[in-house]
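What's in final_15.cif: mmCIF, C-alpha atoms and all ligand atoms
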data_upload
loop_
_atom_site.label_atom_id
_atom_site.label_comp_id
_atom_site.auth_asym_id
_atom_site.auth_seq_id
_atom_site.Cartn_x
_atom_site.Cartn_y
_atom_site.Cartn_z
CA MET A 829 0.00 0.00 0.00
CA SER A 830 1.31 3.46 -0.80
CA THR A 831 1.90 5.93 2.02
CA PRO A 832 -1.35 7.61 3.06
CA ASP A 833 -1.70 11.39 2.97
CA LEU A 834 -4.32 13.96 3.96
CA PHE A 835 -6.50 12.99 1.01
CA THR A 836 -6.44 9.24 1.54
CA ALA A 837 -9.65 7.62 2.78
CA VAL A 838 -9.54 5.98 6.18
CA GLU A 839 -11.72 3.64 8.19
CA ILE A 840 -12.49 4.47 11.81
CA GLY A 841 -14.18 1.41 13.22
CA ASP A 842 -17.04 0.75 10.80
CA LEU A 843 -17.08 4.34 9.55
CA GLN A 844 -15.57 5.23 6.16
CA LEU A 845 -14.03 8.70 6.03
CA LYS A 846 -13.30 10.13 2.60
CA ASN A 847 -10.10 11.89 3.70
CA ARG A 848 -7.96 12.49 6.79
CA MET A 849 -8.77 16.15 7.28
CA VAL A 850 -10.88 16.68 10.39
CA MET A 851 -12.66 19.91 11.21
CA ALA A 852 -11.58 20.62 14.79
CA PRO A 853 -14.14 21.59 17.44
CA MET A 854 -14.48 25.37 17.65
CA THR A 855 -16.67 27.42 19.97
CA ARG A 856 -18.56 30.02 17.90
CA ASN A 857 -21.28 31.22 20.34
CA ARG A 858 -24.02 31.36 17.74
CA ALA A 859 -26.71 29.12 19.21
CA ALA A 860 -30.23 30.55 19.45
CA GLU A 861 -32.11 31.33 22.67
CA GLY A 862 -32.11 28.32 24.97
CA ASN A 863 -28.74 27.15 23.60
CA VAL A 864 -30.54 25.63 20.62
CA PRO A 865 -28.69 25.08 17.32
CA GLN A 866 -30.33 27.06 14.51
CA ASP A 867 -30.43 27.26 10.72
CA MET A 868 -27.23 29.26 10.32
CA ASN A 869 -25.38 26.62 12.35
CA ALA A 870 -26.67 23.93 9.96
CA MET A 871 -25.47 26.01 7.00
CA TYR A 872 -22.02 26.50 8.56
CA TYR A 873 -21.49 22.79 9.06
CA ARG A 874 -23.06 21.93 5.66
CA GLN A 875 -20.53 24.19 3.97
CA ARG A 876 -17.68 22.28 5.64
CA ALA A 877 -18.97 18.74 4.95
CA SER A 878 -16.10 17.90 2.60
CA ALA A 879 -13.96 17.35 5.71
CA GLY A 880 -13.40 13.64 6.33
CA LEU A 881 -14.94 14.19 9.76
CA ILE A 882 -16.47 17.22 11.47
CA ILE A 883 -16.20 17.44 15.26
CA THR A 884 -18.74 19.99 16.43
CA GLU A 885 -18.10 22.86 18.77
CA ALA A 886 -18.26 21.82 22.41
CA SER A 887 -21.84 21.27 23.58
CA GLN A 888 -22.84 21.17 27.20
CA VAL A 889 -24.39 17.95 28.53
CA SER A 890 -26.60 19.82 31.01
CA ALA A 891 -27.63 23.31 32.05
CA GLU A 892 -25.14 22.96 34.93
CA GLY A 893 -22.34 22.23 32.46
CA ILE A 894 -22.57 25.56 30.66
CA GLY A 895 -19.68 28.02 30.78
CA TYR A 896 -20.22 30.58 28.02
CA PRO A 897 -23.17 32.44 26.46
CA ALA A 898 -24.83 31.09 23.30
CA THR A 899 -23.04 27.74 23.21
CA PRO A 900 -25.25 24.85 22.10
CA GLY A 901 -26.47 22.17 24.49
CA ILE A 902 -27.53 18.55 24.17
CA HIS A 903 -29.89 18.10 27.07
CA ASN A 904 -33.44 18.74 25.83
CA GLU A 905 -35.75 18.04 22.90
CA GLU A 906 -35.46 21.52 21.34
CA GLN A 907 -31.69 21.12 21.19
CA VAL A 908 -32.04 17.65 19.66
CA ALA A 909 -34.34 19.11 16.98
CA GLY A 910 -31.81 21.89 16.34
CA TRP A 911 -28.93 19.43 16.03
CA ARG A 912 -31.08 17.29 13.68
CA LYS A 913 -30.94 20.14 11.18
CA VAL A 914 -27.16 20.12 11.47
CA THR A 915 -26.69 16.36 11.07
CA ASN A 916 -29.18 16.22 8.17
CA ALA A 917 -27.34 19.03 6.37
CA VAL A 918 -23.93 17.37 6.79
CA HIS A 919 -25.23 13.95 5.76
CA GLU A 920 -26.95 15.42 2.68
CA GLU A 921 -23.51 16.60 1.56
CA GLY A 922 -21.93 13.19 2.23
CA GLY A 923 -20.12 14.30 5.40
CA ARG A 924 -19.65 12.70 8.81
CA ILE A 925 -20.12 14.49 12.12
CA PHE A 926 -19.39 13.75 15.79
CA LEU A 927 -20.79 15.85 18.65
CA GLN A 928 -18.35 17.05 21.31
CA LEU A 929 -19.70 16.51 24.84
CA TRP A 930 -18.76 19.25 27.30
CA TYR A 931 -19.02 20.13 30.97
CA CYS A 932 -17.24 23.35 31.86
CA GLY A 933 -16.93 22.91 35.62
CA ARG A 934 -14.96 25.78 37.19
CA ILE A 935 -14.66 27.61 33.83
CA SER A 936 -18.08 29.16 34.33
CA HIS A 937 -19.82 31.75 36.45
CA PRO A 938 -22.98 31.89 38.62
CA ASP A 939 -24.45 34.35 36.08
CA LEU A 940 -24.57 31.53 33.53
CA LEU A 941 -25.85 28.73 35.77
CA PRO A 942 -29.32 27.66 36.98
CA ASP A 943 -30.30 29.51 40.18
CA ASN A 944 -26.97 31.34 40.00
CA GLN A 945 -25.30 28.32 41.52
CA THR A 946 -21.57 28.18 42.17
CA PRO A 947 -19.60 26.32 39.48
CA VAL A 948 -18.33 22.89 40.50
CA ALA A 949 -14.86 21.37 40.16
CA PRO A 950 -12.77 18.54 41.61
CA SER A 951 -11.29 20.98 44.15
CA ALA A 952 -12.10 24.48 45.39
CA ILE A 953 -9.27 26.13 43.44
CA GLN A 954 -10.03 29.43 41.76
CA PRO A 955 -8.76 29.60 38.18
CA GLU A 956 -6.97 32.75 37.11
CA GLY A 957 -8.74 34.78 34.50
CA GLU A 958 -12.25 35.81 33.65
CA ALA A 959 -15.51 34.17 32.65
CA VAL A 960 -17.51 35.37 29.66
CA THR A 961 -20.93 36.38 30.99
CA PHE A 962 -23.93 38.13 29.45
CA GLU A 963 -22.66 41.32 31.07
CA GLY A 964 -19.10 40.98 29.81
CA MET A 965 -16.02 39.52 31.46
CA LYS A 966 -16.10 38.78 35.20
CA PRO A 967 -13.34 37.19 37.29
CA PHE A 968 -13.66 33.44 37.84
CA ILE A 969 -14.77 32.64 41.37
CA THR A 970 -13.64 29.83 43.62
CA PRO A 971 -15.62 26.74 42.56
CA ARG A 972 -17.31 24.32 44.92
CA ALA A 973 -15.59 20.91 45.19
CA LEU A 974 -17.97 18.14 44.12
CA GLN A 975 -18.89 15.77 46.92
CA THR A 976 -18.08 12.15 46.21
CA ASP A 977 -21.74 11.19 46.11
CA GLU A 978 -22.49 13.88 43.49
CA ILE A 979 -20.22 12.37 40.88
CA ALA A 980 -22.69 9.71 39.75
CA GLY A 981 -25.05 12.56 38.84
CA ILE A 982 -22.43 14.11 36.56
CA VAL A 983 -21.95 10.75 34.86
CA ASP A 984 -25.73 10.49 34.39
CA GLN A 985 -25.72 13.81 32.56
CA TYR A 986 -23.18 12.46 30.07
CA ARG A 987 -25.22 9.25 29.73
CA GLN A 988 -28.35 11.22 28.83
CA ALA A 989 -26.52 13.60 26.51
CA ALA A 990 -24.94 10.69 24.63
CA ALA A 991 -28.38 9.15 24.12
CA LEU A 992 -29.76 12.48 22.88
CA ALA A 993 -26.81 12.80 20.47
CA LYS A 994 -27.87 9.50 18.96
CA GLN A 995 -31.45 10.77 18.58
CA ALA A 996 -30.08 13.88 16.88
CA GLY A 997 -28.48 11.75 14.16
CA PHE A 998 -24.77 12.15 14.92
CA ASP A 999 -22.29 9.57 13.65
CA GLY A 1000 -20.57 9.51 17.02
CA VAL A 1001 -19.49 11.59 19.98
CA GLU A 1002 -16.22 13.01 21.28
CA VAL A 1003 -15.77 13.19 25.04
CA HIS A 1004 -14.03 16.50 25.71
CA ALA A 1005 -11.38 15.77 28.32
CA ALA A 1006 -9.12 18.66 27.31
CA ASN A 1007 -8.51 22.39 27.67
CA GLY A 1008 -9.25 22.84 31.35
CA TYR A 1009 -12.91 21.80 31.44
CA LEU A 1010 -14.37 19.46 34.06
CA LEU A 1011 -12.92 16.10 32.95
CA ASP A 1012 -9.50 17.67 32.38
CA GLN A 1013 -9.77 19.38 35.78
CA PHE A 1014 -9.98 15.87 37.26
CA LEU A 1015 -7.13 14.46 35.13
CA ARG A 1016 -4.49 17.07 35.92
CA ASP A 1017 -3.05 17.49 39.40
CA GLY A 1018 -2.88 21.30 39.31
CA SER A 1019 -6.68 21.39 39.56
CA ASN A 1020 -7.38 18.06 41.30
CA GLN A 1021 -6.31 17.92 44.93
CA ARG A 1022 -9.00 15.54 46.11
CA THR A 1023 -8.36 12.96 48.78
CA ASP A 1024 -11.18 10.56 47.83
CA GLU A 1025 -11.08 7.89 45.09
CA TYR A 1026 -11.30 10.61 42.39
CA GLY A 1027 -8.03 12.31 43.35
CA GLY A 1028 -4.42 11.56 44.19
CA ASN A 1029 -2.83 9.02 41.86
CA PRO A 1030 -3.47 8.97 38.09
CA GLU A 1031 -5.74 5.95 38.39
CA ASN A 1032 -8.02 7.91 40.71
CA ARG A 1033 -7.85 11.08 38.63
CA MET A 1034 -9.01 9.09 35.59
CA ARG A 1035 -11.91 7.45 37.43
CA LEU A 1036 -14.45 10.07 36.35
CA LEU A 1037 -13.42 9.91 32.68
CA ASN A 1038 -13.62 6.11 32.78
CA ALA A 1039 -17.10 6.26 34.29
CA VAL A 1040 -18.18 8.78 31.65
CA LEU A 1041 -16.83 6.56 28.86
CA ASP A 1042 -18.64 3.54 30.30
CA ALA A 1043 -21.88 5.56 30.42
CA VAL A 1044 -21.51 6.94 26.90
CA CYS A 1045 -20.76 3.43 25.60
CA GLU A 1046 -24.12 2.23 26.93
CA THR A 1047 -25.65 4.05 23.96
CA TRP A 1048 -22.79 4.12 21.48
CA PRO A 1049 -20.51 1.36 20.31
CA ALA A 1050 -17.01 2.24 21.52
CA ASN A 1051 -15.83 2.65 17.93
CA ARG A 1052 -18.14 5.68 17.61
CA VAL A 1053 -16.69 7.40 20.68
CA GLY A 1054 -13.55 9.57 20.62
CA VAL A 1055 -11.63 11.26 23.44
CA ARG A 1056 -9.78 14.58 23.38
CA PHE A 1057 -6.76 15.35 25.58
CA SER A 1058 -4.50 18.44 25.86
CA PRO A 1059 -1.59 17.28 28.05
CA GLU A 1060 0.41 20.53 28.21
CA ASN A 1061 -2.17 23.19 27.42
CA SER A 1062 -2.08 25.89 30.09
CA PHE A 1063 -5.30 27.48 28.81
CA ASN A 1064 -7.88 27.93 31.59
CA SER A 1065 -5.26 28.05 34.31
CA MET A 1066 -4.22 24.42 33.94
CA SER A 1067 -1.04 22.64 34.99
CA ASP A 1068 0.24 19.18 35.77
CA SER A 1069 3.36 18.03 37.63
CA ASN A 1070 4.35 15.43 35.01
CA PRO A 1071 2.24 15.55 31.87
CA LEU A 1072 4.25 13.02 29.85
CA GLU A 1073 4.11 10.36 32.54
CA HIS A 1074 0.50 11.01 33.51
CA PHE A 1075 -0.88 11.21 29.98
CA THR A 1076 1.10 8.14 28.92
CA TYR A 1077 -0.78 6.37 31.70
CA PHE A 1078 -4.19 7.84 30.76
CA ILE A 1079 -3.66 6.95 27.10
CA SER A 1080 -2.54 3.42 27.87
CA GLN A 1081 -5.72 2.99 29.91
CA LEU A 1082 -7.80 3.87 26.85
CA ASN A 1083 -6.20 0.99 24.94
CA GLY A 1084 -8.49 -1.98 24.98
CA ARG A 1085 -11.65 0.10 24.86
CA GLY A 1086 -11.72 0.00 21.06
CA LEU A 1087 -12.55 3.70 20.81
CA ALA A 1088 -12.99 5.53 17.50
CA TYR A 1089 -9.91 7.67 18.10
CA LEU A 1090 -7.73 9.67 20.45
CA HIS A 1091 -7.59 13.38 19.56
CA VAL A 1092 -4.68 15.31 21.05
CA LEU A 1093 -4.17 19.06 21.19
CA GLU A 1094 -0.39 19.04 20.94
CA GLY A 1095 1.26 21.94 22.72
CA ASP A 1096 0.13 24.99 24.62
CA MET A 1097 -2.56 27.16 23.00
CA MET A 1098 -1.41 30.12 25.11
CA THR A 1099 2.32 30.17 24.34
CA GLN A 1100 2.49 28.05 21.16
CA SER A 1101 5.23 26.05 22.88
CA ARG A 1102 5.41 22.30 22.38
CA GLN A 1103 7.59 20.54 24.93
CA LEU A 1104 6.31 16.98 25.13
CA SER A 1105 7.18 14.08 22.87
CA TYR A 1106 3.87 13.56 21.12
CA ARG A 1107 5.40 10.65 19.25
CA ALA A 1108 5.79 8.92 22.62
CA LEU A 1109 2.14 9.59 23.45
CA ARG A 1110 1.05 8.46 20.00
CA ASP A 1111 3.06 5.26 20.40
CA ALA A 1112 1.39 4.62 23.76
CA TYR A 1113 -1.96 4.47 21.96
CA SER A 1114 -3.00 1.42 19.97
CA GLY A 1115 -5.75 3.03 17.86
CA ILE A 1116 -6.41 5.94 15.51
CA TYR A 1117 -4.62 9.15 16.55
CA ILE A 1118 -5.79 12.63 15.47
CA ALA A 1119 -3.22 15.42 15.86
CA ASN A 1120 -4.25 19.07 16.31
CA CYS A 1121 -2.75 22.48 17.07
CA GLY A 1122 -1.46 24.86 14.46
CA TYR A 1123 -0.98 22.37 11.62
CA ASP A 1124 -0.86 23.57 8.02
CA LYS A 1125 -0.94 21.41 4.93
CA ASP A 1126 2.78 20.59 4.87
CA ARG A 1127 3.08 19.78 8.56
CA GLY A 1128 -0.06 17.67 8.30
CA GLN A 1129 1.29 15.71 5.35
CA ALA A 1130 4.62 15.16 7.09
CA SER A 1131 2.93 14.00 10.29
CA ILE A 1132 0.83 11.41 8.47
CA ALA A 1133 3.75 10.29 6.29
CA ASN A 1134 5.99 9.80 9.35
CA GLY A 1135 3.35 7.85 11.21
CA ASP A 1136 3.15 10.58 13.87
CA SER A 1137 -0.62 10.71 13.33
CA ASP A 1138 -3.42 9.12 11.31
CA LEU A 1139 -5.54 12.24 10.77
CA ILE A 1140 -5.08 15.98 11.30
CA ALA A 1141 -7.69 18.26 12.85
CA TYR A 1142 -7.71 21.81 11.45
CA GLY A 1143 -9.43 24.62 13.31
CA VAL A 1144 -9.01 28.17 12.01
CA PRO A 1145 -8.21 27.02 8.44
CA PHE A 1146 -11.62 25.28 8.28
CA LEU A 1147 -13.33 28.23 9.95
CA ALA A 1148 -12.17 30.55 7.17
CA ASN A 1149 -12.21 28.06 4.28
CA PRO A 1150 -15.32 25.93 3.92
CA ASP A 1151 -13.64 24.20 0.97
CA LEU A 1152 -10.31 23.67 2.76
CA VAL A 1153 -9.96 20.12 1.40
CA TYR A 1154 -10.28 21.34 -2.19
CA ARG A 1155 -7.87 24.20 -1.58
CA TYR A 1156 -5.21 21.95 -0.03
CA GLN A 1157 -5.68 19.37 -2.75
CA ASN A 1158 -5.13 21.96 -5.46
CA ASN A 1159 -2.54 24.11 -3.63
CA LEU A 1160 -4.83 27.13 -3.72
CA GLU A 1161 -4.64 30.24 -1.58
CA LEU A 1162 -6.54 30.37 1.68
CA ASN A 1163 -9.04 32.95 2.93
CA GLU A 1164 -7.80 34.85 5.93
CA ALA A 1165 -9.71 34.37 9.18
CA ASN A 1166 -11.25 37.42 10.84
CA GLN A 1167 -10.68 37.11 14.59
CA ASP A 1168 -13.28 39.78 15.38
CA THR A 1169 -16.08 37.40 14.33
CA PHE A 1170 -14.80 34.20 15.95
CA TYR A 1171 -17.16 34.39 18.93
CA GLY A 1172 -20.80 35.40 18.65
CA GLY A 1173 -22.68 37.45 16.10
CA ASP A 1174 -24.51 36.50 12.94
CA GLU A 1175 -23.68 35.04 9.53
CA THR A 1176 -20.89 37.57 9.05
CA GLY A 1177 -17.59 35.79 9.55
CA TYR A 1178 -19.49 32.56 9.92
CA THR A 1179 -21.21 31.37 6.74
CA ASP A 1180 -19.95 34.08 4.36
CA TYR A 1181 -16.35 32.93 3.84
CA PRO A 1182 -16.13 32.43 0.07
CA PHE A 1183 -15.59 29.12 -1.68
CA ILE A 1184 -13.25 28.84 -4.62
CA GLU A 1185 -15.90 29.06 -7.31
CA GLU A 1186 -15.54 25.65 -8.88
CA SER A 1187 -15.57 23.88 -5.49
CA GLU A 1188 -18.88 25.31 -4.34
CA VAL A 1189 -21.15 22.72 -2.77
CA ARG A 1190 -24.90 22.96 -2.94
CA LEU A 1191 -25.92 25.64 -0.46
CA ALA A 1192 -29.66 25.25 -0.13
C1 LIG A 1201 -13.39 28.65 24.19
O1 LIG A 1201 -14.58 28.94 24.23
O2 LIG A 1201 -12.51 29.51 24.17
C2 LIG A 1201 -13.01 27.24 24.15
C3 LIG A 1201 -13.97 26.27 24.28
C4 LIG A 1201 -13.62 24.93 24.26
C5 LIG A 1201 -12.30 24.59 24.13
C6 LIG A 1201 -11.33 25.54 23.99
C7 LIG A 1201 -11.69 26.89 24.01
O3 LIG A 1201 -11.96 23.31 24.15
#
Output the file's structure in the form of structure tokens.
Amino acid sequence: MSTPDLFTAVEIGDLQLKNRMVMAPMTRNRAAEGNVPQDMNAMYYRQRASAGLIITEASQVSAEGIGYPATPGIHNEEQVAGWRKVTNAVHEEGGRIFLQLWYCGRISHPDLLPDNQTPVAPSAIQPEGEAVTFEGMKPFITPRALQTDEIAGIVDQYRQAAALAKQAGFDGVEVHAANGYLLDQFLRDGSNQRTDEYGGNPENRMRLLNAVLDAVCETWPANRVGVRFSPENSFNSMSDSNPLEHFTYFISQLNGRGLAYLHVLEGDMMTQSRQLSYRALRDAYSGIYIANCGYDKDRGQASIANGDSDLIAYGVPFLANPDLVYRYQNNLELNEANQDTFYGGDETGYTDYPFIEESEVRLA
């Protein structure tokens, strides 16, 4: 077999992907009232359906899991109906789409939560920085440490959300255990200082993620479930005393589950530095590995050719280029992304990035 590249088809479990370019999950804050996906969201994903796989923006599993305004949820029937529009649109264009399951934990604010409740976390450690609220930025507060007997309720929320994702017509789900949100807060020891069976050694710190994966796999076959990690990302006030050792352990524990893939944000979003050996982490994993963080076409091709990854997830390039696959395939210029319209707003900077004329997919 010849060496695969970005444009080579790949099988993930029983799912055929037409190429190895993944649209990375990106928060865009354009859900309608009630955190319900709406028509313009369906159009945005439809336009990008030539990706081998789309991973949606992070979507909270419950009203308690929210952390930002206008992010979509997956915990009620209106949201399922909204997501149905999205999955139908992507499937009509021959695309594949996984929903990213999210619980923000301490990266939230009482203003955003039911009854203005205090955000929860593994430990009562206040993150540095500010929450995005309806009234602008406000400093994060000290979260409330979850009691041991509350954890089963968190797992239940993932269980229900995973079942609703199936109803909404997704091809699979990605469990978001990266970037400083609740599951990552449990994994890394800078944010987890618990003394019960969910804290302390790596085995304990992974107990919540394992329970969530078990719950999600009650609805989904494991080969339709992915996991995202970000071992050295300091975003959201995160740290760990030994990321290479700890994430090698976490990754090795995923082996044997037969998951769809492991998706790794390689490096630190905040500083662009990249200290860890991602090849070592990749080699610790026995399944499909998706690499992400600042890749362009050439780095992506090299990574796949070297066996450093199986697929590459592109964020901003897909945001600004709905036909990114076509452009990379034909070595065409890229649209420039407008940072001012990344978060919130309307169709401007969302569904109006131009296609190269001859690549235009059906838009209605
Ligand atoms: C963000 O809203 O900035 C955000 C959300 C989810 C992520 C990373 C960043 O995983």
Can you tell me, as a ChimeraX atom specification, what residues are no more than 8 Å from Leu1015 in chain A when counting all atoms listed in the file, ignoring any on the same chain fewer than 6 positions away?
-> /A:1030,1033-1034
Protein/DNA/RNA residues near (-10.1, 4.4, 26.9), cut 12 Å, only C-alpha atoms, as a ChimeraX atom specification | /A:1002-1003,1005,1034-1042,1044-1045,1050-1051,1053-1057,1075-1091,1112-1115
Counting all atoms listed in the file, the residue of A:His1074, A:His1004, A:Lys913, A:Arg987 that sits nearest ligand LIG 1201 (chain A) = A:His1004
Let me have all residues with an atom within 6 Å of ligand LIG 1201 (chain A), counting all atoms listed in the file, laid out as number ranges by chain.
-> A: 855, 886, 1007
Within 8 Å of Met854 in chain A, counting only C-alpha atoms, which residues show up once you throw out same-chain ones fewer than 5 positions away? Write them as a list of chain:residue names, please.
->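 Close residues of Met854 in chain A: A:Thr884, A:Glu885, A:Ala886, A:Gly1143.
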Quick one: everything within 12 Å of Ala917 in chain A, counting all atoms listed in the file, minus sequence neighbours fewer than 2 positions away in the same chain. Send it as a ChimeraX atom specification.
-> /A:866-878,910-915,919-925,997-998,1189-1192
Write out as a PyMOL selection string each polymer residue whose atoms come within 12 Å of Thr1176 in chain A, counting all atoms listed in the file; drop sequence neighbours fewer than 2 positions from it.
-> chain A and resi 856+858+868+872+1148+1165-1174+1178-1182
Could you check which of A:Val1144, A:Leu845, A:Ile935, A:Leu1152 is closest to Ala959 in chain A, using all atoms listed in the file?
-> A:Ile935
Could you check how far CA of Gly1128 in chain A sits from CA of Asp1068 in chain A, in Å to one decimal?
->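 It comes out at 27.5 Å.
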Which one is closest to Gly1135 in chain A: A:Met1066, A:Phe968, A:Asp833, A:Ala898? Count all atoms listed in the file.
->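 Of A:Met1066, A:Phe968, A:Asp833, A:Ala898, the one nearest Gly1135 in chain A, counting all atoms listed in the file, is A:Asp833.
For the pair CA of Ala1119 in chain A and CA of Ile1140 in chain A, the separation is 5.0 Å.
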